[in-house]
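**Student:** Input protein.txt, format and content: compact mmCIF, C-alpha atoms and all ligand atoms.
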```txt
# COMPACT_ATOMS: atom_id res chain seq x y z
CA MET A 1 121.95 76.31 125.54
CA PHE A 2 122.09 74.27 128.70
CA PRO A 3 118.89 72.45 129.59
CA ARG A 4 117.35 72.55 133.05
CA VAL A 5 117.78 69.39 135.14
CA LYS A 6 114.63 67.25 135.07
CA GLY A 7 112.19 67.84 137.93
CA VAL A 8 113.53 71.21 139.11
CA THR A 9 112.17 74.72 138.53
CA ASP A 10 113.56 78.18 137.78
CA ASN A 11 111.62 80.85 139.50
CA PHE A 12 111.61 84.45 138.25
CA PHE A 13 108.06 85.69 138.35
CA GLU A 14 106.59 83.64 141.18
CA MET A 15 109.02 84.77 143.87
CA THR A 16 106.88 87.61 145.26
CA TYR A 17 104.02 85.12 145.48
CA TYR A 18 106.15 82.49 147.25
CA SER A 19 107.60 85.14 149.59
CA GLY A 20 104.08 86.34 150.36
CA ILE A 21 103.00 82.84 151.38
CA ARG A 22 106.15 82.36 153.46
CA LYS A 23 105.62 85.68 155.24
CA LYS A 24 102.09 84.70 156.24
CA ILE A 25 103.27 81.30 157.52
CA GLU A 26 106.25 82.73 159.40
CA GLY A 27 104.14 85.48 160.99
CA HIS A 28 101.72 82.81 162.21
CA LEU A 29 104.49 80.52 163.51
CA LYS A 30 106.12 83.29 165.51
CA ARG A 31 102.90 83.73 167.48
CA TYR A 32 103.27 80.11 168.54
CA ASN A 33 106.83 80.69 169.75
CA PHE A 34 108.58 79.00 166.80
CA PHE A 35 112.01 80.39 165.90
CA GLU A 36 113.84 80.02 162.63
CA ILE A 37 116.85 77.76 162.17
CA ASP A 38 118.99 76.88 159.19
CA ILE A 39 120.44 73.41 158.75
CA PRO A 40 122.67 72.00 155.98
CA MET A 41 121.44 70.66 152.68
CA ILE A 42 124.05 67.91 152.74
CA GLU A 43 124.15 65.22 155.38
CA TYR A 44 125.56 61.73 155.69
CA VAL A 45 123.45 59.07 154.01
CA SER A 46 123.55 57.05 157.24
CA LEU A 47 121.58 59.79 159.05
CA PHE A 48 118.59 59.07 156.82
CA GLU A 49 119.13 55.31 156.73
CA ARG A 50 119.03 55.23 160.53
CA GLY A 51 116.43 57.94 160.96
CA LEU A 52 113.92 57.29 158.19
CA GLY A 53 114.44 53.53 157.79
CA TYR A 54 116.37 51.52 155.19
CA GLU A 55 113.19 50.15 153.63
CA THR A 56 111.38 53.46 153.11
CA ASP A 57 110.95 54.60 149.50
CA VAL A 58 112.80 57.82 150.28
CA VAL A 59 115.93 55.98 151.45
CA SER A 60 115.85 52.92 149.23
CA LYS A 61 114.99 54.64 145.93
CA GLN A 62 114.94 58.41 146.09
CA MET A 63 118.24 59.59 147.53
CA PHE A 64 120.53 61.94 145.60
CA ILE A 65 123.89 60.56 146.68
CA ILE A 66 126.87 62.85 146.16
CA GLN A 67 129.67 61.40 144.13
CA LYS A 68 132.88 63.23 144.94
CA LYS A 69 135.23 63.96 142.06
CA GLN A 70 138.42 63.92 144.03
CA HIS A 71 139.81 61.70 146.72
CA ASP A 72 138.70 62.99 150.03
CA SER A 73 141.45 64.72 151.94
CA ASP A 74 139.22 64.73 155.05
CA ASN A 75 139.21 60.94 154.89
CA GLU A 76 135.45 60.88 155.13
CA LYS A 77 134.28 57.36 154.56
CA ASP A 78 130.58 57.97 154.89
CA LEU A 79 128.64 58.80 151.78
CA MET A 80 126.88 62.14 151.68
CA CYS A 81 123.59 63.04 150.06
CA LEU A 82 121.30 65.98 149.39
CA ARG A 83 118.71 66.01 152.17
CA PRO A 84 115.40 64.39 151.19
CA GLU A 85 113.63 65.88 154.24
CA GLY A 86 114.34 68.09 157.24
CA THR A 87 113.40 66.17 160.38
CA ALA A 88 116.44 63.89 160.74
CA GLY A 89 118.81 66.84 160.18
CA THR A 90 116.92 68.99 162.69
CA MET A 91 117.12 66.25 165.32
CA ARG A 92 120.83 65.71 164.59
CA ALA A 93 121.47 69.43 165.03
CA PHE A 94 119.30 69.60 168.16
CA LEU A 95 121.20 66.71 169.77
CA GLU A 96 124.51 68.49 169.10
CA GLN A 97 123.35 71.65 170.87
CA GLN A 98 120.78 70.25 173.26
CA GLU A 99 122.35 71.60 176.44
CA HIS A 100 121.98 75.17 175.19
CA LEU A 101 118.44 74.77 173.91
CA PRO A 102 115.12 75.24 175.69
CA GLU A 103 112.48 72.52 175.77
CA PRO A 104 110.00 72.43 174.24
CA CYS A 105 112.17 73.73 171.44
CA ARG A 106 109.94 74.97 168.63
CA VAL A 107 111.83 75.52 165.38
CA PHE A 108 111.05 76.07 161.74
CA SER A 109 113.27 76.03 158.68
CA TYR A 110 112.64 76.67 155.02
CA GLY A 111 114.49 75.23 152.09
CA SER A 112 115.03 72.77 149.27
CA MET A 113 114.61 69.03 149.64
CA PHE A 114 115.69 66.53 147.01
CA ARG A 115 114.05 63.26 146.03
CA TYR A 116 114.65 61.23 142.92
CA GLU A 117 111.02 60.72 141.93
CA ARG A 118 109.17 60.66 138.62
CA PRO A 119 108.24 64.33 138.12
CA GLN A 120 104.58 65.24 137.67
CA LYS A 121 102.18 67.97 138.82
CA GLY A 122 103.02 68.67 142.47
CA ARG A 123 105.94 66.22 142.46
CA LEU A 124 109.43 67.56 141.82
CA ARG A 125 112.97 66.36 142.35
CA GLU A 126 113.92 69.59 144.07
CA PHE A 127 111.04 71.03 146.05
CA HIS A 128 110.66 73.36 149.02
CA GLN A 129 109.37 72.61 152.46
CA MET A 130 108.50 74.72 155.44
CA ASN A 131 109.56 72.34 158.13
CA LEU A 132 108.23 72.70 161.70
CA GLU A 133 109.39 70.71 164.69
CA THR A 134 108.70 70.77 168.43
CA LEU A 135 111.45 68.90 170.26
CA GLY A 136 111.18 67.86 173.88
CA CYS A 137 107.41 67.51 174.25
CA SER A 138 105.78 64.33 175.41
CA SER A 139 102.06 64.91 176.02
CA VAL A 140 99.72 64.28 173.07
CA LEU A 141 98.13 67.61 173.99
CA TYR A 142 101.09 69.16 172.15
CA ASP A 143 99.98 67.20 169.09
CA ALA A 144 96.49 68.69 169.38
CA HIS A 145 97.99 72.18 169.79
CA MET A 146 100.14 71.81 166.65
CA ILE A 147 97.29 70.38 164.58
CA LYS A 148 94.99 73.21 165.69
CA MET A 149 97.72 75.75 164.84
CA LEU A 150 97.97 74.26 161.33
CA GLN A 151 94.22 74.26 160.77
CA VAL A 152 94.02 77.93 161.78
CA LEU A 153 96.93 78.65 159.42
CA PHE A 154 95.43 76.90 156.42
CA VAL A 155 91.78 77.84 156.88
CA GLU A 156 91.82 81.25 158.56
CA VAL A 157 95.18 82.80 157.66
CA LEU A 158 95.58 81.42 154.13
CA GLY A 159 91.87 81.01 153.37
CA ILE A 160 91.94 77.40 152.07
CA GLN A 161 88.36 76.22 152.25
CA ASP A 162 88.49 72.74 150.81
CA CYS A 163 91.20 71.04 152.85
CA ILE A 164 90.67 67.83 154.76
CA LEU A 165 92.64 66.83 157.82
CA LYS A 166 93.24 63.10 158.20
CA ILE A 167 94.67 61.68 161.38
CA ASN A 168 95.65 58.28 162.69
CA PHE A 169 97.41 56.84 165.71
CA LEU A 170 100.22 54.35 165.20
CA GLY A 171 100.70 53.45 168.86
CA GLN A 172 104.00 52.33 170.34
CA SER A 173 106.55 50.16 168.57
CA GLU A 174 105.56 47.08 170.66
CA ASP A 175 101.91 47.56 169.59
CA ARG A 176 103.00 47.81 165.97
CA LYS A 177 105.25 44.75 166.16
CA LYS A 178 102.35 42.58 167.32
CA TYR A 179 100.06 44.19 164.78
CA CYS A 180 102.47 43.65 161.88
CA ALA A 181 102.75 39.95 162.65
CA SER A 182 98.96 39.66 162.52
CA LEU A 183 98.76 41.84 159.39
CA VAL A 184 101.26 39.68 157.54
CA SER A 185 99.46 36.45 158.37
CA SER A 186 96.10 37.90 157.29
CA LEU A 187 97.47 39.26 153.98
CA THR A 188 99.79 36.39 153.02
CA PRO A 189 96.99 34.26 151.50
CA TYR A 190 96.35 37.18 149.06
CA GLN A 191 100.02 37.78 148.38
CA GLU A 192 99.75 37.25 144.65
CA LYS A 193 96.93 39.75 144.30
CA LEU A 194 98.97 42.52 145.91
CA CYS A 195 100.97 44.91 143.68
CA SER A 196 104.62 43.93 143.27
CA LEU A 197 105.71 46.70 145.66
CA CYS A 198 103.40 45.44 148.39
CA GLN A 199 104.45 41.82 147.83
CA ASN A 200 107.87 43.06 148.81
CA ARG A 201 106.51 45.11 151.69
CA LEU A 202 105.04 41.94 153.23
CA THR A 203 108.56 41.11 154.34
CA THR A 204 110.15 44.56 154.53
CA ASN A 205 107.54 47.09 155.71
CA PRO A 206 104.04 45.53 156.02
CA LEU A 207 102.45 48.63 157.57
CA ARG A 208 102.95 50.57 154.32
CA ILE A 209 100.63 48.15 152.49
CA LEU A 210 97.77 49.86 154.32
CA ASP A 211 98.24 53.16 152.50
CA CYS A 212 99.22 51.76 149.09
CA LYS A 213 97.48 53.69 146.31
CA SER A 214 96.71 50.56 144.22
CA GLN A 215 92.99 49.77 144.22
CA ASP A 216 93.65 46.02 144.43
CA CYS A 217 95.78 46.46 147.52
CA GLN A 218 93.20 48.76 149.07
CA LYS A 219 90.48 46.16 148.51
CA ILE A 220 92.58 43.42 150.11
CA CYS A 221 93.35 45.71 153.06
CA LEU A 222 89.65 45.84 153.91
CA ILE A 223 90.12 42.47 155.60
CA ALA A 224 93.20 43.65 157.51
CA PRO A 225 92.95 43.64 161.31
CA LYS A 226 92.63 47.03 163.03
CA LEU A 227 95.77 48.46 164.59
CA THR A 228 93.77 49.96 167.47
CA THR A 229 92.81 46.49 168.71
CA PHE A 230 96.52 45.88 169.43
CA PHE A 231 96.91 49.02 171.54
CA SER A 232 97.80 48.76 175.21
CA GLU A 233 95.47 50.40 177.71
CA THR A 234 97.70 53.53 177.93
CA THR A 235 97.92 53.88 174.16
CA GLN A 236 94.12 53.55 173.88
CA GLN A 237 93.75 56.36 176.40
CA GLU A 238 96.22 58.64 174.62
CA TRP A 239 94.46 58.13 171.30
CA LYS A 240 91.12 58.91 172.95
CA LEU A 241 92.57 61.99 174.66
CA LEU A 242 93.95 63.29 171.37
CA GLN A 243 90.60 62.94 169.58
CA GLU A 244 88.66 64.47 172.47
CA THR A 245 91.05 67.41 172.69
CA LEU A 246 90.86 68.07 168.96
CA GLU A 247 87.07 68.12 169.27
CA GLU A 248 87.27 70.47 172.23
CA LEU A 249 89.52 72.79 170.22
CA SER A 250 86.94 72.70 167.37
CA VAL A 251 89.34 71.05 164.92
CA THR A 252 87.55 69.36 162.04
CA PHE A 253 89.22 66.03 161.23
CA MET A 254 88.58 62.54 159.93
CA VAL A 255 90.18 59.40 161.27
CA ASP A 256 91.84 57.37 158.53
CA ASP A 257 92.98 54.09 160.05
CA HIS A 258 94.99 53.29 156.91
CA LEU A 259 97.09 56.45 157.16
CA VAL A 260 100.64 55.30 157.83
CA ARG A 261 102.93 57.85 156.13
CA GLY A 262 106.10 56.98 154.32
CA LEU A 263 108.79 57.48 156.95
CA ASP A 264 109.55 54.91 159.65
CA TYR A 265 110.29 57.30 162.51
CA TYR A 266 106.65 57.96 163.34
CA ASN A 267 104.89 56.62 166.42
CA LYS A 268 101.52 57.58 167.88
CA THR A 269 100.02 60.57 166.01
CA VAL A 270 100.28 60.89 162.23
CA PHE A 271 98.34 63.41 160.18
CA GLU A 272 98.00 64.86 156.69
CA PHE A 273 96.22 67.85 155.18
CA VAL A 274 94.91 67.02 151.72
CA SER A 275 93.20 69.11 149.06
CA ALA A 276 90.93 67.88 146.29
CA ASN A 277 92.39 70.58 144.02
CA LEU A 278 95.76 68.90 143.72
CA GLY A 279 95.07 65.72 141.73
CA ALA A 280 97.12 62.62 142.52
CA GLN A 281 99.68 64.37 144.75
CA ASN A 282 97.07 65.78 147.08
CA THR A 283 98.88 66.01 150.44
CA PHE A 284 100.26 69.48 151.04
CA CYS A 285 101.26 69.03 154.67
CA GLY A 286 102.15 65.88 156.56
CA GLY A 287 103.67 65.01 159.89
CA GLY A 288 103.39 63.30 163.22
CA ARG A 289 105.15 62.30 166.41
CA TYR A 290 108.58 60.69 166.39
CA ASP A 291 109.54 59.93 169.98
CA GLY A 292 112.12 57.27 169.04
CA LEU A 293 114.18 59.24 166.51
CA ALA A 294 116.68 60.75 168.97
CA GLN A 295 117.68 57.32 170.27
CA GLN A 296 117.67 55.94 166.76
CA LEU A 297 120.34 58.57 166.01
CA GLY A 298 122.41 57.55 169.03
CA SER A 299 121.08 59.78 171.82
CA LYS A 300 121.23 58.27 175.30
CA THR A 301 118.16 60.19 176.36
CA VAL A 302 114.69 60.10 174.87
CA VAL A 303 113.64 63.28 173.11
CA PRO A 304 109.91 63.05 172.52
CA ALA A 305 109.14 65.21 169.51
CA LEU A 306 106.61 66.08 166.87
CA GLY A 307 106.50 68.02 163.64
CA CYS A 308 105.35 68.38 160.10
CA ALA A 309 106.38 69.79 156.74
CA ILE A 310 104.37 71.93 154.34
CA GLY A 311 105.09 71.31 150.65
CA MET A 312 105.40 74.86 149.32
CA GLU A 313 104.87 74.07 145.62
CA ARG A 314 101.67 72.19 146.42
CA LEU A 315 100.49 74.97 148.74
CA ALA A 316 101.19 77.51 145.99
CA LEU A 317 99.08 75.45 143.54
CA ILE A 318 96.16 75.45 146.00
CA LEU A 319 96.39 79.19 146.61
CA GLU A 320 96.75 80.12 142.92
CA SER A 321 93.25 81.62 142.73
CA SER A 322 93.92 83.98 145.65
CA LYS A 323 97.40 84.86 144.45
CA ASP A 324 96.85 88.65 144.27
CA ARG A 325 96.08 88.77 147.97
CA LEU A 326 99.38 87.08 148.80
CA LEU A 327 101.86 88.94 146.59
CA VAL A 328 104.48 90.85 148.54
CA GLN A 329 103.89 94.48 147.61
CA SER A 330 107.07 95.90 146.14
CA MET A 331 108.10 99.55 146.63
CA PRO A 332 107.34 101.97 143.78
CA LEU A 333 110.28 101.95 141.39
CA LEU A 334 112.11 105.17 140.45
CA CYS A 335 113.96 104.76 137.16
CA ILE A 336 116.76 107.26 136.48
CA ILE A 337 117.46 108.02 132.83
CA PRO A 338 120.53 110.10 131.98
CA LEU A 339 120.11 111.55 128.47
CA SER A 340 123.78 111.20 127.58
CA GLU A 341 126.96 109.71 129.03
CA GLN A 342 127.80 113.12 130.49
CA GLN A 343 124.98 112.67 133.00
CA ASN A 344 125.84 109.08 133.97
CA LYS A 345 127.88 109.95 137.06
CA LEU A 346 125.25 112.41 138.22
CA ALA A 347 122.74 109.56 137.81
CA LEU A 348 124.87 107.35 140.09
CA HIS A 349 125.00 110.08 142.77
CA LEU A 350 121.27 110.71 142.54
CA ALA A 351 120.64 106.95 142.87
CA ASP A 352 122.78 106.79 146.04
CA PHE A 353 120.93 109.80 147.46
CA LEU A 354 117.48 108.32 146.80
CA ILE A 355 118.41 104.84 148.08
CA ALA A 356 119.78 106.41 151.27
CA HIS A 357 116.35 108.03 151.65
CA GLY A 358 114.63 104.63 151.45
CA LYS A 359 113.59 104.63 147.78
CA CYS A 360 113.82 101.75 145.28
CA VAL A 361 115.89 102.78 142.26
CA GLU A 362 116.90 101.47 138.82
CA LEU A 363 119.38 103.12 136.44
CA LEU A 364 119.46 102.99 132.64
CA LEU A 365 123.13 103.82 131.96
CA ASP A 366 123.84 102.02 128.68
CA HIS A 367 123.89 104.16 125.57
CA GLN A 368 120.43 104.12 123.98
CA LYS A 369 117.90 106.50 122.46
CA ILE A 370 115.57 108.13 125.02
CA LYS A 371 112.60 106.44 123.33
CA ASN A 372 114.14 103.01 123.98
CA LYS A 373 115.04 103.92 127.54
CA MET A 374 111.43 105.02 128.19
CA LYS A 375 110.23 101.67 126.84
CA ARG A 376 112.63 99.83 129.16
CA ALA A 377 111.43 101.90 132.12
CA SER A 378 107.88 100.95 131.31
CA ASP A 379 108.86 97.23 131.00
CA LEU A 380 110.44 97.55 134.44
CA LYS A 381 107.06 98.85 135.70
CA ALA A 382 108.65 102.07 136.95
CA ALA A 383 106.27 104.33 138.88
CA TYR A 384 108.36 107.42 138.03
CA VAL A 385 111.06 108.17 135.48
CA LEU A 386 113.72 110.69 136.54
CA ILE A 387 115.30 112.32 133.49
CA LEU A 388 118.73 113.98 133.71
CA GLY A 389 119.79 116.06 130.69
CA GLU A 390 122.16 118.97 130.23
CA ASP A 391 119.66 121.53 131.57
CA GLU A 392 118.93 119.48 134.66
CA GLN A 393 122.67 119.00 135.25
CA ASN A 394 123.31 122.76 135.03
CA ASN A 395 120.35 123.70 137.26
CA ASN A 396 120.67 120.87 139.83
CA THR A 397 117.19 119.68 138.91
CA VAL A 398 115.59 116.52 137.58
CA THR A 399 112.56 116.08 135.33
CA VAL A 400 110.18 113.64 136.96
CA LYS A 401 107.57 111.83 134.87
CA ASP A 402 104.69 110.09 136.63
CA MET A 403 104.26 106.89 134.57
CA VAL A 404 100.59 106.51 135.51
CA THR A 405 99.29 110.04 134.84
CA GLY A 406 101.97 110.98 132.29
CA LYS A 407 102.50 114.34 134.10
CA GLN A 408 105.99 115.86 134.11
CA GLU A 409 107.50 118.18 136.70
CA VAL A 410 110.94 119.75 137.20
CA ILE A 411 112.14 119.31 140.79
CA LEU A 412 115.37 120.21 142.62
CA GLN A 413 117.59 117.12 142.98
CA THR A 414 117.89 117.73 146.72
CA GLU A 415 114.11 117.75 147.14
CA VAL A 416 113.05 114.96 144.82
CA HIS A 417 112.84 112.33 147.61
CA THR A 418 110.22 114.41 149.42
CA LYS A 419 108.01 114.83 146.36
CA ILE A 420 107.67 111.25 145.05
P1 LIG A 501 106.69 64.09 153.71
O1 LIG A 501 105.27 63.63 153.77
O2 LIG A 501 107.65 63.18 153.05
O3 LIG A 501 107.13 64.38 155.20
O4 LIG A 501 106.74 65.49 153.01
C1 LIG A 501 105.99 66.58 153.49
C2 LIG A 501 105.35 67.33 152.33
O5 LIG A 501 106.34 67.72 151.38
C3 LIG A 501 104.37 66.50 151.51
O6 LIG A 501 103.11 66.47 152.12
C4 LIG A 501 104.34 67.27 150.20
O7 LIG A 501 103.47 68.39 150.31
C5 LIG A 501 105.77 67.76 150.08
N1 LIG A 501 106.53 66.88 149.15
C6 LIG A 501 107.06 65.67 149.42
N2 LIG A 501 107.67 65.16 148.33
C7 LIG A 501 107.52 66.07 147.34
C8 LIG A 501 107.93 66.15 145.97
N3 LIG A 501 108.66 65.20 145.39
N4 LIG A 501 107.59 67.26 145.25
C9 LIG A 501 106.88 68.26 145.82
N5 LIG A 501 106.47 68.24 147.11
C10 LIG A 501 106.78 67.17 147.86
C11 LIG A 501 108.37 64.83 155.54
O8 LIG A 501 109.20 65.24 154.78
C12 LIG A 501 108.57 64.87 157.03
N6 LIG A 501 109.94 65.27 157.29
C13 LIG A 501 107.58 65.80 157.69
C14 LIG A 501 107.77 65.88 159.17
C15 LIG A 501 108.37 66.87 159.86
N7 LIG A 501 107.39 64.95 160.03
C16 LIG A 501 107.74 65.33 161.23
N8 LIG A 501 108.35 66.49 161.14
```
As a first step, turn the structure in this file into structure tokens.

**Tutor:**
Amino acid sequence: MFPRVKGVTDNFFEMTYYSGIRKKIEGHLKRYNFFEIDIPMIEYVSLFERGLGYETDVVSKQMFIIQKKQHDSDNEKDLMCLRPEGTAGTMRAFLEQQEHLPEPCRVFSYGSMFRYERPQKGRLREFHQMNLETLGCSSVLYDAHMIKMLQVLFVEVLGIQDCILKINFLGQSEDRKKYCASLVSSLTPYQEKLCSLCQNRLTTNPLRILDCKSQDCQKICLIAPKLTTFFSETTQQEWKLLQETLEELSVTFMVDDHLVRGLDYYNKTVFEFVSANLGAQNTFCGGGRYDGLAQQLGSKTVVPALGCAIGMERLALILESSKDRLLVQSMPLLCIIPLSEQQNKLALHLADFLIAHGKCVELLLDHQKIKNKMKRASDLKAAYVLILGEDEQNNNTVTVKDMVTGKQEVILQTEVHTKI
């Protein structure tokens, strides 16, 4: 038997649940003018190196790089990888087709992402994200609109009561440059007390020290200067406007001035929705503004943009207790049982007829005793069993058994679709 690859899941029984959640999200997004796109699962490694930042954990440690077996006839020199996230790919695709696309361009896509992480509850190597982006939008009022849309989705549409929305403002890159210099000089005297990762970050990515999970690092960060004090006048005003607008829109949020997020493309707004029900991996949706990404990927024009991704496995864990409400209701199943091989072809014709009339049908064609076929029909959760024996074949009828009441009725084959 082949084992399953570590950190991935097989999904048989949860699919109606997952589809139910997706349907609710997609229905909500369409009311906000989002349309669905599909982008590739493989991209060049350089897209993420340039887009997300060389020093981010995702790029430096978690990439699934594709090793090709044969020499490349396309002469492609760039390495490819399985996408670890959807934003860089969405921006790449947008830039390719920009002249045909409206702005703001609101898109969503659903699919697998891949990160080489240590698997645990809520952390997989292949996981699914619902990725939302609004491209070509500059005002922070768009940020407030998206955040409000998400809060309505989580609290009102999906009924999550215990989620907390954290937000922060990272300013412009010039603000952050000045801030980082000050941060490094204030933390350097405590260098040895920082975790080994953060000791490294002092030179590579100092901002990430602020949201390190280690308690020692968190304690040391209490003495860190505040990023807001490095904001220009305009940035201060934008940050104020965002908070005021969120309040006006009745969004409940908390400001977390250590929230940085793990990807380097963010500027200005960053936010996360967390749930106490998730344990260590408690963020089920995260995002922010990324006005510099388009240029980072080679665009000559600025494409101010903003987005977020919902981690579907984590969302499913949170919604577990209200699962029944979210299951996609399947159609009642009609299971056709021919009593002998002589009725098999008739069974196929009857199946075609019923399917053409909008019914959901299963056939039990393999040779088996009727008792065993009835057991299989019950395992399949059939609502009705349609029995075809010699008598039925001769009289153009079918014996229909209601699997809930146990009642049996003989019905003309041409009328059966109107009766069940
Ligand atoms: P992210 O924070 O890296 O952001 O991921 C978004 C969400 O995906 C997380 O909050 C979490 O729910 C889920 N997630 C991440 N890693 C794993 C994992 N290993 N296993 C299970 N779930 C996971 C992004 O990916 C950005 N692209 C979001 C974004 C879109 N920002 C702007 N636009």

**Student:** Residues within 7 Å of Gly307 of chain A, please, as a ChimeraX atom specification. Count all atoms listed in the file; anything in the same chain fewer than 5 positions from it doesn't count.

**Tutor:** /A:132-134,287-289

**Student:** For the selection just defined, write its residues with C-alpha atoms to a file, as a PDB file, in the coordinates of the input.

**Tutor:**
```pdb
ATOM      1  CA  LEU A 132     108.230  72.700 161.700  1.00  0.00           C
ATOM      2  CA  GLU A 133     109.390  70.710 164.690  1.00  0.00           C
ATOM      3  CA  THR A 134     108.700  70.770 168.430  1.00  0.00           C
ATOM      4  CA  GLY A 287     103.670  65.010 159.890  1.00  0.00           C
ATOM      5  CA  GLY A 288     103.390  63.300 163.220  1.00  0.00           C
ATOM      6  CA  ARG A 289     105.150  62.300 166.410  1.00  0.00           C
TER       7      ARG A 289
END
```

**Student:** In Å, how far is it from atom CA of Ser299 of chain A to atom CA of Ile37 of chain A?

**Tutor:** 20.8 Å

**Student:** Can you list every residue of segment 221-281 of chain A that has an atom at most 10 Å from segment 169-190 of chain A, with its nearest atom pair and the distance in Å to one decimal, using all atoms listed in the file, ordered by chain then number, as a Markdown table?

**Tutor:**
```
| residue | atom | partner | partner_atom | distance |
| --- | --- | --- | --- | --- |
| A:Cys221 | CA | A:Leu187 | CA | 7.7 |
| A:Ile223 | CA | A:Ser186 | CA | 7.7 |
| A:Ala224 | CA | A:Leu183 | CA | 6.1 |
| A:Pro225 | CA | A:Leu183 | CA | 6.4 |
| A:Lys226 | CA | A:Tyr179 | CA | 8.1 |
| A:Leu227 | CA | A:Tyr179 | CA | 6.1 |
| A:Thr228 | CA | A:Gly171 | CA | 7.9 |
| A:Thr229 | CA | A:Tyr179 | CA | 8.6 |
| A:Phe230 | CA | A:Asp175 | CA | 5.6 |
| A:Phe231 | CA | A:Asp175 | CA | 5.6 |
| A:Ser232 | CA | A:Asp175 | CA | 7.1 |
| A:Thr234 | CA | A:Gly171 | CA | 9.6 |
| A:Thr235 | CA | A:Gly171 | CA | 6.0 |
| A:Gln236 | CA | A:Gly171 | CA | 8.3 |
| A:Glu238 | CA | A:Gly171 | CA | 9.0 |
| A:Trp239 | CA | A:Phe169 | CA | 6.5 |
| A:Lys240 | CA | A:Phe169 | CA | 9.8 |
| A:Leu242 | CA | A:Phe169 | CA | 9.3 |
| A:Gln243 | CA | A:Phe169 | CA | 9.9 |
| A:Val255 | CA | A:Phe169 | CA | 8.9 |
| A:Asp256 | CA | A:Phe169 | CA | 9.1 |
| A:Asp257 | CA | A:Phe169 | CA | 7.7 |
| A:His258 | CA | A:Phe169 | CA | 9.8 |
| A:Leu259 | CA | A:Phe169 | CA | 8.6 |
| A:Val260 | CA | A:Leu170 | CA | 7.4 |
| A:Tyr266 | CA | A:Leu170 | CA | 7.6 |
| A:Asn267 | CA | A:Leu170 | CA | 5.3 |
| A:Lys268 | CA | A:Gly171 | CA | 4.3 |
| A:Thr269 | CA | A:Phe169 | CA | 4.6 |
| A:Val270 | CA | A:Phe169 | CA | 6.1 |
| A:Phe271 | CA | A:Phe169 | CA | 8.6 |
```

**Student:** Between atom CA of Leu79 of chain A and atom CA of Glu43 of chain A, what distance in Å does the model show, to one decimal?

**Tutor:** 8.6 Å

**Student:** Compare A:Ile21, A:Leu207, A:Ala280, A:Leu82 by their minimum atom-to-atom distance to Tyr44 of chain A, counting all atoms listed in the file, and give me the closest one.

**Tutor:**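 With all atoms listed in the file as the atom set, the closest residue is A:Leu82.
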
**Student:** Which distance in Å separates atom CA of Gly20 of chain A and atom CA of Leu327 of chain A, to one decimal?

**Tutor:**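 Spanning atom CA of Gly20 of chain A to atom CA of Leu327 of chain A is a straight-line distance of 5.1 Å.
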
**Student:** Would you write out, as JSON lines, a table of all residues in segment 57-172 of chain A that have an atom no more than 10 Å from an atom of segment 30-33 of chain A, listing for each the closest atom pair and the distance in Å to one decimal, considering only C-alpha atoms and ordering rows by chain and rising residue number?

**Tutor:**
```
{"residue": "A:Pro104", "atom": "CA", "partner": "A:Asn33", "partner_atom": "CA", "distance": 9.9}
{"residue": "A:Cys105", "atom": "CA", "partner": "A:Asn33", "partner_atom": "CA", "distance": 8.9}
{"residue": "A:Arg106", "atom": "CA", "partner": "A:Asn33", "partner_atom": "CA", "distance": 6.6}
{"residue": "A:Val107", "atom": "CA", "partner": "A:Asn33", "partner_atom": "CA", "distance": 8.4}
{"residue": "A:Phe108", "atom": "CA", "partner": "A:Lys30", "partner_atom": "CA", "distance": 9.5}
{"residue": "A:His145", "atom": "CA", "partner": "A:Tyr32", "partner_atom": "CA", "distance": 9.6}
{"residue": "A:Met146", "atom": "CA", "partner": "A:Tyr32", "partner_atom": "CA", "distance": 9.1}
{"residue": "A:Met149", "atom": "CA", "partner": "A:Tyr32", "partner_atom": "CA", "distance": 8.0}
```

**Student:** Put those residues in a file: C-alpha atoms, as a PDB file, in the frame of the given file.

**Tutor:**
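So the final result, stored in selection.pdb, reads:
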```
ATOM      1  CA  PRO A 104     110.000  72.430 174.240  1.00  0.00           C
ATOM      2  CA  CYS A 105     112.170  73.730 171.440  1.00  0.00           C
ATOM      3  CA  ARG A 106     109.940  74.970 168.630  1.00  0.00           C
ATOM      4  CA  VAL A 107     111.830  75.520 165.380  1.00  0.00           C
ATOM      5  CA  PHE A 108     111.050  76.070 161.740  1.00  0.00           C
ATOM      6  CA  HIS A 145      97.990  72.180 169.790  1.00  0.00           C
ATOM      7  CA  MET A 146     100.140  71.810 166.650  1.00  0.00           C
ATOM      8  CA  MET A 149      97.720  75.750 164.840  1.00  0.00           C
TER       9      MET A 149
END
```

**Student:** Taking all atoms listed in the file into account, which of A:Cys81, A:Ala93, A:Met1, A:Leu388 comes nearest Ile39 of chain A?

**Tutor:**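 Using all atoms listed in the file, the shortest distance to Ile39 of chain A belongs to A:Ala93.
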
**Student:** Nearest to His367 of chain A among A:Val404, A:Ile337, A:Met91, A:Leu380, with distances taken over all atoms listed in the file: which residue is it?

**Tutor:**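 Ranking A:Val404, A:Ile337, A:Met91, A:Leu380 by distance to His367 of chain A, first place goes to A:Ile337.
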
**Student:** Leaving out Val328 of chain A and any residue of its chain fewer than 2 positions from it, which residues lie within 8 Å of it when counting only C-alpha atoms, given as JSON, numbers by chain?

**Tutor:** {"A": [16, 17, 19, 20, 326, 330]}

**Student:** In terms of the shortest atom-to-atom distance over all atoms listed in the file, which of A:Ser378, A:Ser321, A:Asn168, A:Thr204 is closest to Phe253 of chain A?

**Tutor:**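 For Phe253 of chain A, the nearest of the candidates is A:Asn168.
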